[in-house]
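input30.pdb follows (PDB, C-alpha atoms and all ligand atoms):
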```pdb
MODEL        1
ATOM      1  CA  MET A1384     -12.438 239.585 -36.442  1.00  0.00           C
ATOM      2  CA  THR A1385     -10.516 239.144 -33.174  1.00  0.00           C
ATOM      3  CA  THR A1386      -8.275 236.100 -33.290  1.00  0.00           C
ATOM      4  CA  SER A1387      -5.790 234.554 -30.890  1.00  0.00           C
ATOM      5  CA  LEU A1388      -3.515 231.591 -31.232  1.00  0.00           C
ATOM      6  CA  GLY A1389      -4.319 228.600 -29.025  1.00  0.00           C
ATOM      7  CA  ILE A1390      -1.893 225.690 -28.515  1.00  0.00           C
ATOM      8  CA  ASP A1391      -2.753 222.410 -26.768  1.00  0.00           C
ATOM      9  CA  VAL A1392       0.162 220.237 -25.656  1.00  0.00           C
ATOM     10  CA  GLY A1393      -0.742 216.564 -25.374  1.00  0.00           C
ATOM     11  CA  GLY A1394       1.226 213.377 -24.818  1.00  0.00           C
ATOM     12  CA  SER A1395       1.209 212.427 -28.503  1.00  0.00           C
ATOM     13  CA  GLY A1396       0.629 215.690 -30.376  1.00  0.00           C
ATOM     14  CA  ILE A1397       1.064 219.451 -30.061  1.00  0.00           C
ATOM     15  CA  LYS A1398      -1.869 221.132 -31.765  1.00  0.00           C
ATOM     16  CA  GLY A1399      -2.625 224.729 -32.568  1.00  0.00           C
ATOM     17  CA  ALA A1400      -4.860 227.026 -34.584  1.00  0.00           C
ATOM     18  CA  LEU A1401      -5.863 230.645 -34.773  1.00  0.00           C
ATOM     19  CA  VAL A1402      -9.263 230.975 -33.122  1.00  0.00           C
ATOM     20  CA  ASP A1403     -12.003 233.433 -33.993  1.00  0.00           C
ATOM     21  CA  LEU A1404     -12.877 234.537 -30.471  1.00  0.00           C
ATOM     22  CA  ALA A1405     -16.270 235.980 -31.387  1.00  0.00           C
ATOM     23  CA  ILE A1406     -17.648 232.578 -32.358  1.00  0.00           C
ATOM     24  CA  GLY A1407     -15.165 230.115 -30.829  1.00  0.00           C
ATOM     25  CA  GLU A1408     -14.218 228.492 -34.113  1.00  0.00           C
ATOM     26  CA  PHE A1409     -10.915 227.876 -35.827  1.00  0.00           C
ATOM     27  CA  ALA A1410      -9.966 230.683 -38.218  1.00  0.00           C
ATOM     28  CA  THR A1411      -7.169 228.572 -39.721  1.00  0.00           C
ATOM     29  CA  GLU A1412      -6.570 224.907 -40.313  1.00  0.00           C
ATOM     30  CA  ARG A1413      -5.418 223.000 -37.213  1.00  0.00           C
ATOM     31  CA  ILE A1414      -1.675 222.258 -37.200  1.00  0.00           C
ATOM     32  CA  ARG A1415      -0.483 219.127 -35.392  1.00  0.00           C
ATOM     33  CA  ILE A1416       3.114 218.068 -34.824  1.00  0.00           C
ATOM     34  CA  ARG A1417       4.054 214.927 -32.922  1.00  0.00           C
ATOM     35  CA  THR A1418       5.168 215.604 -29.369  1.00  0.00           C
ATOM     36  CA  PRO A1419       8.965 215.174 -29.286  1.00  0.00           C
ATOM     37  CA  GLN A1420      10.274 212.243 -27.254  1.00  0.00           C
ATOM     38  CA  PRO A1421      11.542 212.663 -24.641  1.00  0.00           C
ATOM     39  CA  ALA A1422       9.085 215.538 -24.158  1.00  0.00           C
ATOM     40  CA  THR A1423      11.544 217.771 -22.316  1.00  0.00           C
ATOM     41  CA  PRO A1424      10.684 221.451 -21.794  1.00  0.00           C
ATOM     42  CA  ASP A1425      13.202 222.703 -24.384  1.00  0.00           C
ATOM     43  CA  ALA A1426      12.100 220.214 -27.054  1.00  0.00           C
ATOM     44  CA  VAL A1427       8.396 220.932 -26.459  1.00  0.00           C
ATOM     45  CA  ALA A1428       8.962 224.711 -26.473  1.00  0.00           C
ATOM     46  CA  ALA A1429      10.732 224.436 -29.842  1.00  0.00           C
ATOM     47  CA  THR A1430       7.820 222.379 -31.242  1.00  0.00           C
ATOM     48  CA  ILE A1431       5.295 224.918 -29.929  1.00  0.00           C
ATOM     49  CA  ALA A1432       7.228 227.614 -31.823  1.00  0.00           C
ATOM     50  CA  GLU A1433       7.084 225.456 -34.955  1.00  0.00           C
ATOM     51  CA  VAL A1434       3.313 224.917 -34.624  1.00  0.00           C
ATOM     52  CA  ALA A1435       2.843 228.660 -34.086  1.00  0.00           C
ATOM     53  CA  ALA A1436       4.891 229.477 -37.202  1.00  0.00           C
ATOM     54  CA  GLN A1437       2.955 226.965 -39.323  1.00  0.00           C
ATOM     55  CA  THR A1438      -0.395 228.568 -38.433  1.00  0.00           C
ATOM     56  CA  GLY A1439       0.875 231.800 -39.983  1.00  0.00           C
ATOM     57  CA  TRP A1440       0.462 233.567 -36.658  1.00  0.00           C
ATOM     58  CA  SER A1441       2.455 236.742 -36.046  1.00  0.00           C
ATOM     59  CA  GLY A1442       1.578 237.784 -32.471  1.00  0.00           C
ATOM     60  CA  PRO A1443       0.953 239.650 -30.292  1.00  0.00           C
ATOM     61  CA  LYS A1444       0.620 236.751 -27.803  1.00  0.00           C
ATOM     62  CA  LEU A1445      -0.561 233.188 -27.522  1.00  0.00           C
ATOM     63  CA  GLY A1446      -2.312 230.881 -25.072  1.00  0.00           C
ATOM     64  CA  CYS A1447      -0.932 227.448 -24.297  1.00  0.00           C
ATOM     65  CA  ALA A1448      -2.528 224.512 -22.439  1.00  0.00           C
ATOM     66  CA  LEU A1449      -0.390 221.894 -20.658  1.00  0.00           C
ATOM     67  CA  PRO A1450      -1.424 218.637 -18.927  1.00  0.00           C
ATOM     68  CA  ALA A1451      -0.120 219.859 -15.567  1.00  0.00           C
ATOM     69  CA  VAL A1452      -0.788 222.162 -12.651  1.00  0.00           C
ATOM     70  CA  VAL A1453       0.393 225.634 -13.629  1.00  0.00           C
ATOM     71  CA  THR A1454       0.634 228.466 -11.112  1.00  0.00           C
ATOM     72  CA  ALA A1455       2.008 231.882 -12.080  1.00  0.00           C
ATOM     73  CA  GLY A1456       3.498 230.375 -15.244  1.00  0.00           C
ATOM     74  CA  VAL A1457       5.409 227.646 -13.394  1.00  0.00           C
ATOM     75  CA  VAL A1458       4.658 223.922 -13.923  1.00  0.00           C
ATOM     76  CA  ARG A1459       4.032 222.179 -10.591  1.00  0.00           C
ATOM     77  CA  THR A1460       3.159 218.571 -11.450  1.00  0.00           C
ATOM     78  CA  ALA A1461       3.931 216.063 -14.190  1.00  0.00           C
ATOM     79  CA  ALA A1462       1.544 213.101 -14.061  1.00  0.00           C
ATOM     80  CA  ASN A1463       1.399 212.641 -17.828  1.00  0.00           C
ATOM     81  CA  ILE A1464       4.358 214.701 -19.060  1.00  0.00           C
ATOM     82  CA  ASP A1465       8.121 214.439 -18.627  1.00  0.00           C
ATOM     83  CA  ALA A1466       9.145 214.789 -14.973  1.00  0.00           C
ATOM     84  CA  SER A1467      11.725 217.438 -15.899  1.00  0.00           C
ATOM     85  CA  TRP A1468       8.874 219.973 -16.313  1.00  0.00           C
ATOM     86  CA  VAL A1469       8.299 220.281 -12.568  1.00  0.00           C
ATOM     87  CA  GLY A1470       9.509 223.662 -11.301  1.00  0.00           C
ATOM     88  CA  VAL A1471      10.134 225.040 -14.810  1.00  0.00           C
ATOM     89  CA  ASP A1472       9.008 228.613 -15.538  1.00  0.00           C
ATOM     90  CA  ALA A1473       7.279 227.376 -18.686  1.00  0.00           C
ATOM     91  CA  CYS A1474       5.773 230.770 -19.380  1.00  0.00           C
ATOM     92  CA  ALA A1475       9.233 232.336 -19.721  1.00  0.00           C
ATOM     93  CA  LEU A1476      10.637 229.319 -21.586  1.00  0.00           C
ATOM     94  CA  ILE A1477       7.860 229.212 -24.220  1.00  0.00           C
ATOM     95  CA  ALA A1478       7.814 233.018 -24.527  1.00  0.00           C
ATOM     96  CA  SER A1479      11.505 233.010 -25.389  1.00  0.00           C
ATOM     97  CA  ALA A1480      11.000 230.186 -27.930  1.00  0.00           C
ATOM     98  CA  VAL A1481       8.139 231.986 -29.730  1.00  0.00           C
ATOM     99  CA  GLY A1482       9.335 235.551 -29.150  1.00  0.00           C
ATOM    100  CA  THR A1483       6.103 236.912 -27.619  1.00  0.00           C
ATOM    101  CA  PRO A1484       4.326 236.784 -24.242  1.00  0.00           C
ATOM    102  CA  VAL A1485       2.455 233.562 -23.438  1.00  0.00           C
ATOM    103  CA  THR A1486      -0.521 232.763 -21.219  1.00  0.00           C
ATOM    104  CA  LEU A1487      -0.226 229.290 -19.757  1.00  0.00           C
ATOM    105  CA  LEU A1488      -2.882 227.131 -18.139  1.00  0.00           C
ATOM    106  CA  ASN A1489      -3.906 223.562 -17.380  1.00  0.00           C
ATOM    107  CA  ASP A1490      -5.365 221.667 -20.366  1.00  0.00           C
ATOM    108  CA  ALA A1491      -8.648 220.693 -18.670  1.00  0.00           C
ATOM    109  CA  ASP A1492      -9.080 224.276 -17.452  1.00  0.00           C
ATOM    110  CA  ALA A1493      -8.634 225.434 -21.051  1.00  0.00           C
ATOM    111  CA  ALA A1494     -11.216 222.929 -22.300  1.00  0.00           C
ATOM    112  CA  GLY A1495     -13.572 224.069 -19.542  1.00  0.00           C
ATOM    113  CA  LEU A1496     -13.238 227.746 -20.490  1.00  0.00           C
ATOM    114  CA  ALA A1497     -14.130 226.861 -24.080  1.00  0.00           C
ATOM    115  CA  GLU A1498     -17.127 224.685 -23.131  1.00  0.00           C
ATOM    116  CA  MET A1499     -18.431 227.387 -20.764  1.00  0.00           C
ATOM    117  CA  ARG A1500     -18.203 230.107 -23.395  1.00  0.00           C
ATOM    118  CA  PHE A1501     -19.147 228.270 -26.568  1.00  0.00           C
ATOM    119  CA  GLY A1502     -20.199 224.722 -25.724  1.00  0.00           C
ATOM    120  CA  ALA A1503     -22.068 222.509 -23.274  1.00  0.00           C
ATOM    121  CA  GLY A1504     -21.753 224.881 -20.294  1.00  0.00           C
ATOM    122  CA  ARG A1505     -22.897 228.051 -22.038  1.00  0.00           C
ATOM    123  CA  GLY A1506     -25.102 230.193 -19.772  1.00  0.00           C
ATOM    124  CA  GLU A1507     -24.691 227.864 -16.749  1.00  0.00           C
ATOM    125  CA  GLU A1508     -24.335 229.904 -13.566  1.00  0.00           C
ATOM    126  CA  GLY A1509     -24.278 227.124 -10.956  1.00  0.00           C
ATOM    127  CA  THR A1510     -21.452 224.788 -10.037  1.00  0.00           C
ATOM    128  CA  VAL A1511     -20.250 223.181 -13.263  1.00  0.00           C
ATOM    129  CA  LEU A1512     -17.617 220.476 -13.483  1.00  0.00           C
ATOM    130  CA  LEU A1513     -15.975 219.475 -16.755  1.00  0.00           C
ATOM    131  CA  LEU A1514     -14.210 216.113 -16.629  1.00  0.00           C
ATOM    132  CA  THR A1515     -11.970 215.061 -19.514  1.00  0.00           C
ATOM    133  CA  PHE A1516     -11.413 211.346 -19.978  1.00  0.00           C
ATOM    134  CA  GLY A1517      -8.280 210.677 -22.043  1.00  0.00           C
ATOM    135  CA  THR A1518      -4.745 209.611 -21.115  1.00  0.00           C
ATOM    136  CA  GLY A1519      -5.594 210.876 -17.627  1.00  0.00           C
ATOM    137  CA  ILE A1520      -8.668 212.481 -16.095  1.00  0.00           C
ATOM    138  CA  GLY A1521      -8.660 216.276 -16.195  1.00  0.00           C
ATOM    139  CA  SER A1522     -11.052 218.529 -14.298  1.00  0.00           C
ATOM    140  CA  ALA A1523     -12.238 222.115 -14.564  1.00  0.00           C
ATOM    141  CA  LEU A1524     -14.513 223.610 -11.923  1.00  0.00           C
ATOM    142  CA  PHE A1525     -16.696 226.698 -12.421  1.00  0.00           C
ATOM    143  CA  SER A1526     -18.899 228.614 -10.035  1.00  0.00           C
ATOM    144  CA  GLY A1527     -20.969 231.537 -11.289  1.00  0.00           C
ATOM    145  CA  GLY A1528     -19.110 231.141 -14.586  1.00  0.00           C
ATOM    146  CA  SER A1529     -15.680 231.662 -12.954  1.00  0.00           C
ATOM    147  CA  LEU A1530     -12.940 229.065 -13.109  1.00  0.00           C
ATOM    148  CA  VAL A1531     -11.323 227.646  -9.973  1.00  0.00           C
ATOM    149  CA  PRO A1532      -8.012 226.585 -11.579  1.00  0.00           C
ATOM    150  CA  ASN A1533      -5.947 223.415 -11.106  1.00  0.00           C
ATOM    151  CA  THR A1534      -8.540 221.266  -9.330  1.00  0.00           C
ATOM    152  CA  GLU A1535      -6.827 218.020 -10.506  1.00  0.00           C
ATOM    153  CA  LEU A1536      -9.739 215.791  -9.553  1.00  0.00           C
ATOM    154  CA  GLY A1537      -8.335 212.989 -11.691  1.00  0.00           C
ATOM    155  CA  HIS A1538      -6.005 212.335  -8.783  1.00  0.00           C
ATOM    156  CA  LEU A1539      -8.753 211.912  -6.219  1.00  0.00           C
ATOM    157  CA  GLN A1540      -8.023 208.680  -4.348  1.00  0.00           C
ATOM    158  CA  ILE A1541     -10.662 205.993  -4.759  1.00  0.00           C
ATOM    159  CA  ASP A1542      -9.995 202.900  -2.606  1.00  0.00           C
ATOM    160  CA  GLY A1543      -6.435 204.175  -2.210  1.00  0.00           C
ATOM    161  CA  VAL A1544      -5.772 204.483  -5.971  1.00  0.00           C
ATOM    162  CA  ASP A1545      -5.568 207.595  -8.178  1.00  0.00           C
ATOM    163  CA  ALA A1546      -8.937 207.766  -9.958  1.00  0.00           C
ATOM    164  CA  GLU A1547      -7.337 208.264 -13.370  1.00  0.00           C
ATOM    165  CA  LEU A1548      -5.423 205.002 -13.047  1.00  0.00           C
ATOM    166  CA  ARG A1549      -8.757 203.139 -12.856  1.00  0.00           C
ATOM    167  CA  ALA A1550     -11.136 205.209 -14.959  1.00  0.00           C
ATOM    168  CA  ALA A1551      -9.294 207.229 -17.629  1.00  0.00           C
ATOM    169  CA  ALA A1552     -10.170 206.416 -21.253  1.00  0.00           C
ATOM    170  CA  ARG A1553      -6.631 205.062 -21.693  1.00  0.00           C
ATOM    171  CA  ILE A1554      -7.321 202.453 -19.013  1.00  0.00           C
ATOM    172  CA  GLN A1555     -10.585 201.476 -20.695  1.00  0.00           C
ATOM    173  CA  GLU A1556      -8.588 200.805 -23.862  1.00  0.00           C
ATOM    174  CA  GLU A1557      -5.603 199.122 -22.212  1.00  0.00           C
ATOM    175  CA  GLU A1558      -7.720 196.814 -20.074  1.00  0.00           C
ATOM    176  CA  GLN A1559     -10.279 196.382 -22.886  1.00  0.00           C
ATOM    177  CA  LEU A1560     -13.120 197.252 -20.548  1.00  0.00           C
ATOM    178  CA  THR A1561     -16.645 197.085 -21.952  1.00  0.00           C
ATOM    179  CA  TYR A1562     -18.710 200.247 -21.484  1.00  0.00           C
ATOM    180  CA  PRO A1563     -20.685 198.678 -18.591  1.00  0.00           C
ATOM    181  CA  GLU A1564     -17.372 197.766 -16.886  1.00  0.00           C
ATOM    182  CA  TRP A1565     -15.796 201.151 -17.481  1.00  0.00           C
ATOM    183  CA  THR A1566     -18.869 203.191 -16.543  1.00  0.00           C
ATOM    184  CA  SER A1567     -19.236 201.304 -13.265  1.00  0.00           C
ATOM    185  CA  ARG A1568     -15.725 202.578 -12.369  1.00  0.00           C
ATOM    186  CA  VAL A1569     -16.638 206.070 -13.581  1.00  0.00           C
ATOM    187  CA  ASN A1570     -19.849 205.989 -11.511  1.00  0.00           C
ATOM    188  CA  LYS A1571     -17.885 205.234  -8.367  1.00  0.00           C
ATOM    189  CA  TYR A1572     -15.636 208.165  -9.209  1.00  0.00           C
ATOM    190  CA  LEU A1573     -18.554 210.499  -9.939  1.00  0.00           C
ATOM    191  CA  ALA A1574     -20.139 209.593  -6.590  1.00  0.00           C
ATOM    192  CA  ALA A1575     -16.893 210.547  -4.784  1.00  0.00           C
ATOM    193  CA  VAL A1576     -16.657 213.827  -6.693  1.00  0.00           C
ATOM    194  CA  GLU A1577     -20.305 214.628  -5.976  1.00  0.00           C
ATOM    195  CA  ARG A1578     -19.860 214.036  -2.254  1.00  0.00           C
ATOM    196  CA  ILE A1579     -17.355 216.889  -2.072  1.00  0.00           C
ATOM    197  CA  LEU A1580     -18.609 219.366  -4.676  1.00  0.00           C
ATOM    198  CA  TRP A1581     -22.336 218.914  -5.357  1.00  0.00           C
ATOM    199  CA  PRO A1582     -22.115 220.172  -8.941  1.00  0.00           C
ATOM    200  CA  ASP A1583     -25.313 221.168 -10.780  1.00  0.00           C
ATOM    201  CA  LEU A1584     -23.921 220.072 -14.125  1.00  0.00           C
ATOM    202  CA  ILE A1585     -21.194 217.627 -15.139  1.00  0.00           C
ATOM    203  CA  VAL A1586     -19.796 217.929 -18.668  1.00  0.00           C
ATOM    204  CA  ILE A1587     -18.082 214.800 -19.968  1.00  0.00           C
ATOM    205  CA  GLY A1588     -15.200 215.672 -22.301  1.00  0.00           C
ATOM    206  CA  GLY A1589     -11.946 214.225 -23.607  1.00  0.00           C
ATOM    207  CA  GLY A1590     -11.359 211.892 -26.532  1.00  0.00           C
ATOM    208  CA  ILE A1591     -13.948 209.356 -25.424  1.00  0.00           C
ATOM    209  CA  SER A1592     -16.747 211.945 -25.421  1.00  0.00           C
ATOM    210  CA  LYS A1593     -17.231 211.459 -29.161  1.00  0.00           C
ATOM    211  CA  GLU A1594     -18.568 207.976 -28.261  1.00  0.00           C
ATOM    212  CA  HIS A1595     -20.997 209.412 -25.711  1.00  0.00           C
ATOM    213  CA  ALA A1596     -24.046 207.840 -27.336  1.00  0.00           C
ATOM    214  CA  GLU A1597     -22.599 204.447 -26.319  1.00  0.00           C
ATOM    215  CA  PHE A1598     -22.187 205.136 -22.608  1.00  0.00           C
ATOM    216  CA  LEU A1599     -23.780 208.359 -21.357  1.00  0.00           C
ATOM    217  CA  GLY A1600     -26.997 206.537 -20.446  1.00  0.00           C
ATOM    218  CA  MET A1601     -24.991 204.260 -18.112  1.00  0.00           C
ATOM    219  CA  LEU A1602     -23.587 207.142 -16.053  1.00  0.00           C
ATOM    220  CA  GLU A1603     -25.235 207.906 -12.724  1.00  0.00           C
ATOM    221  CA  SER A1604     -25.152 211.169 -10.815  1.00  0.00           C
ATOM    222  CA  ARG A1605     -27.370 213.592  -8.937  1.00  0.00           C
ATOM    223  CA  ALA A1606     -26.168 216.348 -11.266  1.00  0.00           C
ATOM    224  CA  ARG A1607     -27.272 216.652 -14.865  1.00  0.00           C
ATOM    225  CA  ILE A1608     -24.710 215.013 -17.144  1.00  0.00           C
ATOM    226  CA  VAL A1609     -24.097 216.200 -20.710  1.00  0.00           C
ATOM    227  CA  PRO A1610     -21.419 215.502 -23.306  1.00  0.00           C
ATOM    228  CA  ALA A1611     -18.897 218.189 -24.231  1.00  0.00           C
ATOM    229  CA  THR A1612     -19.662 219.685 -27.619  1.00  0.00           C
ATOM    230  CA  LEU A1613     -16.293 221.073 -28.736  1.00  0.00           C
ATOM    231  CA  ARG A1614     -14.520 217.708 -28.618  1.00  0.00           C
ATOM    232  CA  ASN A1615     -10.803 217.885 -29.365  1.00  0.00           C
ATOM    233  CA  GLN A1616     -11.005 221.571 -30.317  1.00  0.00           C
ATOM    234  CA  ALA A1617     -11.788 222.635 -26.745  1.00  0.00           C
ATOM    235  CA  GLY A1618      -8.179 222.839 -25.486  1.00  0.00           C
ATOM    236  CA  ILE A1619      -7.060 225.039 -28.385  1.00  0.00           C
ATOM    237  CA  ILE A1620     -10.118 227.302 -28.188  1.00  0.00           C
ATOM    238  CA  GLY A1621      -9.799 227.622 -24.407  1.00  0.00           C
ATOM    239  CA  ALA A1622      -6.082 228.424 -24.599  1.00  0.00           C
ATOM    240  CA  ALA A1623      -6.842 231.186 -27.108  1.00  0.00           C
ATOM    241  CA  LEU A1624      -9.612 232.507 -24.832  1.00  0.00           C
ATOM    242  CA  ALA A1625      -7.328 232.518 -21.788  1.00  0.00           C
ATOM    243  CA  CYS A1626      -4.773 234.503 -23.716  1.00  0.00           C
ATOM    244  CA  GLN A1627      -7.381 237.088 -24.684  1.00  0.00           C
ATOM    245  CA  GLU A1628      -8.713 237.320 -21.132  1.00  0.00           C
ATOM    246  CA  ALA A1629      -5.240 237.810 -19.707  1.00  0.00           C
ATOM    247  CA  THR A1630      -4.690 240.830 -21.956  1.00  0.00           C
TER
HETATM  248  C1  LIG B   1      -2.965 215.853 -15.059  1.00  0.00           C
HETATM  249  C2  LIG B   1      -3.849 217.047 -15.272  1.00  0.00           C
HETATM  250  C3  LIG B   1      -4.440 217.023 -16.666  1.00  0.00           C
HETATM  251  C4  LIG B   1      -5.108 215.693 -16.950  1.00  0.00           C
HETATM  252  C5  LIG B   1      -5.627 215.595 -18.379  1.00  0.00           C
HETATM  253  C6  LIG B   1      -3.735 214.588 -15.375  1.00  0.00           C
HETATM  254  O1  LIG B   1      -2.901 213.483 -15.220  1.00  0.00           O
HETATM  255  O2  LIG B   1      -2.530 215.792 -13.702  1.00  0.00           O
HETATM  256  O3  LIG B   1      -3.121 218.231 -15.061  1.00  0.00           O
HETATM  257  O4  LIG B   1      -5.378 218.054 -16.793  1.00  0.00           O
HETATM  258  O5  LIG B   1      -4.194 214.630 -16.740  1.00  0.00           O
HETATM  259  O6  LIG B   1      -4.618 215.783 -19.313  1.00  0.00           O
ENDMDL
END
```
With the file now loaded, output its structure as structure tokens.
Ligand code: BGC
Amino acid sequence: MTTSLGIDVGGSGIKGALVDLAIGEFATERIRIRTPQPATPDAVAATIAEVAAQTGWSGPKLGCALPAVVTAGVVRTAANIDASWVGVDACALIASAVGTPVTLLNDADAAGLAEMRFGAGRGEEGTVLLLTFGTGIGSALFSGGSLVPNTELGHLQIDGVDAELRAAARIQEEEQLTYPEWTSRVNKYLAAVERILWPDLIVIGGGISKEHAEFLGMLESRARIVPATLRNQAGIIGAALACQEAT
């Protein structure tokens, strides 16, 4: 069995598990430790090392997903994480905390890799867009099965406002929007996304996707729309996959 460790850093929890890469399933129980507050790079790196240790993992390397743009191991944005992450060589920082090399990527990109390999996007060769609706809106774009990283479509401006500030699942909760109210915002967003990308398939992921039976029928798009199937495991599985692929 080939396994890798995947870690998914979120605003409230840092989660990790060893993943069986042949089947895309957890090979160990999922470990979750609350995200330290303030979620500074040093504090988060130490918690990642703790999660890794608790899974029983012993190397040789791990994959880690962050809610930020990551290029060449460096964090470039911080919409939903502590601002002190911007400009940090997180790859080097986390590698020194855990003692092994690390592959780092955006959290929605990780979820997308997992859905493309083992979930709702399996076998899809066209333009596929995974959108995660949670604290923010994450996006992962694939063409011919290959990822175009860091698309950040949650920050597309709709009527002059960041889309995720109107249509993330967090906003639905905070503003107590009914599904018809929330989906009408999401539909406006989907129309804007479709105008620029013309995806063949849109996969709806993130925490709210477990409720998809309640709202999927209200979503409108030219593209086929399907729910993600790996739910909250996708980030961990995708991080583990990215680590394997980088080897
Ligand atoms: C961040 C993205 C992230 C998404 C979901 C957005 O605010 O800019 O990098 O993928 O939230 O966590």
Practice task
Spell out the residues picked by the PyMOL selection byres (((not hetatm)) within 9 of (chain B and resi 1)) here, as a VMD selection string.
Solution key: chain A and resid 1393 to 1394 1449 to 1453 1460 to 1464 1489 to 1492 1514 to 1523 1533 to 1538 1547 1589
Practice task
Rank A:Ala1494, A:Leu1401, A:Val1586, A:Leu1488 by their smallest atom-to-atom distance to Arg1459 of chain A, using all atoms listed in the file, and report the top residue only.
Solution key: A:Leu1488
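Reported to one decimal place, the separation of atom CA of Ala1405 of chain A from atom CA of Glu1433 of chain A is 25.9 Å.
Evaluated against the shown file, the PyMOL selection byres (((chain A and resi 1615) around 10) and not hetatm) gives A:Asp1391, A:Lys1398, A:Ala1494, A:Gly1588, A:Gly1589, A:Gly1590, A:Ile1591, A:Ser1592, A:Lys1593, A:Ala1611, A:Thr1612, A:Leu1613, A:Arg1614, A:Gln1616, A:Ala1617, A:Gly1618, A:Ile1619, A:Ile1620.
In this structure, atom CA of Gln1627 of chain A sits 13.8 Å away from atom CA of Thr1483 of chain A.
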Exercise for the section: May I ask which of the residues A:Ala1574, A:Ile1587, A:Trp1468, A:Pro1424 is the closest one to Ala1551 of chain A, counting all atoms listed in the file? Expected result: A:Ile1587
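Residues surrounding segment 1560-1566 of chain A within 7 Å are Ala1550, Gln1555, Glu1556, Asn1570, Phe1598, Met1601 and Leu1602 of chain A [only C-alpha atoms; sequence separation below 4 positions excluded].
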Problem - Spatial neighbours of Gly1509 of chain A, 7 Å, only C-alpha atoms, chain gap at least 5 places, as a PyMOL selection string - result: chain A and resi 1526-1527+1583
Problem - Nearest to Ala1428 of chain A, chosen from A:Gly1495, A:Pro1610, A:Gly1482, A:Gly1528, with all atoms listed in the file counted in the distances - result: A:Gly1482
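If you measure from each of A:Ala1426, A:Ala1625, A:Ala1575, A:Ala1480 to Pro1532 of chain A using only C-alpha atoms, the closest one turns out to be A:Ala1625.
The interatomic distance for the pair atom CA of His1595 of chain A and atom CA of Leu1487 of chain A works out to 29.4 Å.
Put simply, the PyMOL selection byres (((chain A and resi 1440) around 9) and not hetatm) on this file hits Ser1387, Leu1388, Ala1400, Leu1401, Ala1435, Ala1436, Gln1437, Thr1438, Gly1439, Ser1441, Gly1442 and Pro1443 of chain A.
Nearest to Arg1415 of chain A of all the residues A:Ser1529, A:Thr1454, A:Gly1543, A:Gly1396 is A:Gly1396, based on only C-alpha atoms.
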With a distance cut-off of 9 Å and all atoms listed in the file, select the neighbouring residues of Leu1573 of chain A, excluding the residue or stretch itself and same-chain residues fewer than 5 positions from it, and output the selection as a PDB file with C-alpha atoms, keeping the file's coordinate frame.
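Saved as selection.pdb:
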```
ATOM      1  CA  ARG A1568     -15.725 202.578 -12.369  1.00  0.00           C
ATOM      2  CA  ARG A1578     -19.860 214.036  -2.254  1.00  0.00           C
ATOM      3  CA  LEU A1602     -23.587 207.142 -16.053  1.00  0.00           C
ATOM      4  CA  GLU A1603     -25.235 207.906 -12.724  1.00  0.00           C
ATOM      5  CA  SER A1604     -25.152 211.169 -10.815  1.00  0.00           C
TER       6      SER A1604
END
```
Practice task
Have a look at A:Trp1581, A:Val1569, A:Val1471, A:Ile1554 and name the one nearest to Phe1525 of chain A; count only C-alpha atoms.
Solution key: A:Trp1581
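Excluding Ser1479 of chain A and any residue on its chain fewer than 6 positions from it, the residues at most 12 Å away by all atoms listed in the file are Asp1425, Ala1428, Ala1429, Ile1431, Ala1432, Lys1444, Asp1472, Ala1473 and Val1485 of chain A.
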Handout entry: Selection: 6 Å around Ala1622 of chain A, all atoms listed in the file, excl. self and same-chain fewer than 5 positions, as a VMD selection string
Key = chain A and resid 1389 1446 to 1448 1493
How would segment 1616-1622 of chain A read, as an mmCIF file, in the frame of the given file, once N, CA, C and O atoms are built in?
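The new file result.cif reads:
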```cif
data_model
loop_
_atom_site.group_PDB
_atom_site.id
_atom_site.type_symbol
_atom_site.label_atom_id
_atom_site.label_comp_id
_atom_site.auth_asym_id
_atom_site.auth_seq_id
_atom_site.Cartn_x
_atom_site.Cartn_y
_atom_site.Cartn_z
ATOM 1 N N GLN A 1616 -11.357 220.167 -30.048
ATOM 2 C CA GLN A 1616 -11.005 221.571 -30.317
ATOM 3 C C GLN A 1616 -10.977 222.399 -29.029
ATOM 4 O O GLN A 1616 -10.469 223.522 -29.005
ATOM 5 N N ALA A 1617 -11.555 221.834 -27.950
ATOM 6 C CA ALA A 1617 -11.788 222.635 -26.745
ATOM 7 C C ALA A 1617 -10.496 223.191 -26.138
ATOM 8 O O ALA A 1617 -10.457 224.354 -25.726
ATOM 9 N N GLY A 1618 -9.429 222.379 -26.101
ATOM 10 C CA GLY A 1618 -8.179 222.839 -25.486
ATOM 11 C C GLY A 1618 -7.584 224.027 -26.232
ATOM 12 O O GLY A 1618 -7.128 224.997 -25.623
ATOM 13 N N ILE A 1619 -7.613 223.949 -27.556
ATOM 14 C CA ILE A 1619 -7.060 225.039 -28.385
ATOM 15 C C ILE A 1619 -7.904 226.305 -28.213
ATOM 16 O O ILE A 1619 -7.384 227.406 -28.010
ATOM 17 N N ILE A 1620 -9.233 226.130 -28.284
ATOM 18 C CA ILE A 1620 -10.118 227.302 -28.188
ATOM 19 C C ILE A 1620 -9.976 227.946 -26.799
ATOM 20 O O ILE A 1620 -9.892 229.165 -26.658
ATOM 21 N N GLY A 1621 -9.918 227.100 -25.768
ATOM 22 C CA GLY A 1621 -9.799 227.622 -24.407
ATOM 23 C C GLY A 1621 -8.464 228.311 -24.164
ATOM 24 O O GLY A 1621 -8.397 229.320 -23.458
ATOM 25 N N ALA A 1622 -7.395 227.780 -24.755
ATOM 26 C CA ALA A 1622 -6.082 228.424 -24.599
ATOM 27 C C ALA A 1622 -6.110 229.804 -25.250
ATOM 28 O O ALA A 1622 -5.596 230.784 -24.698
#
```
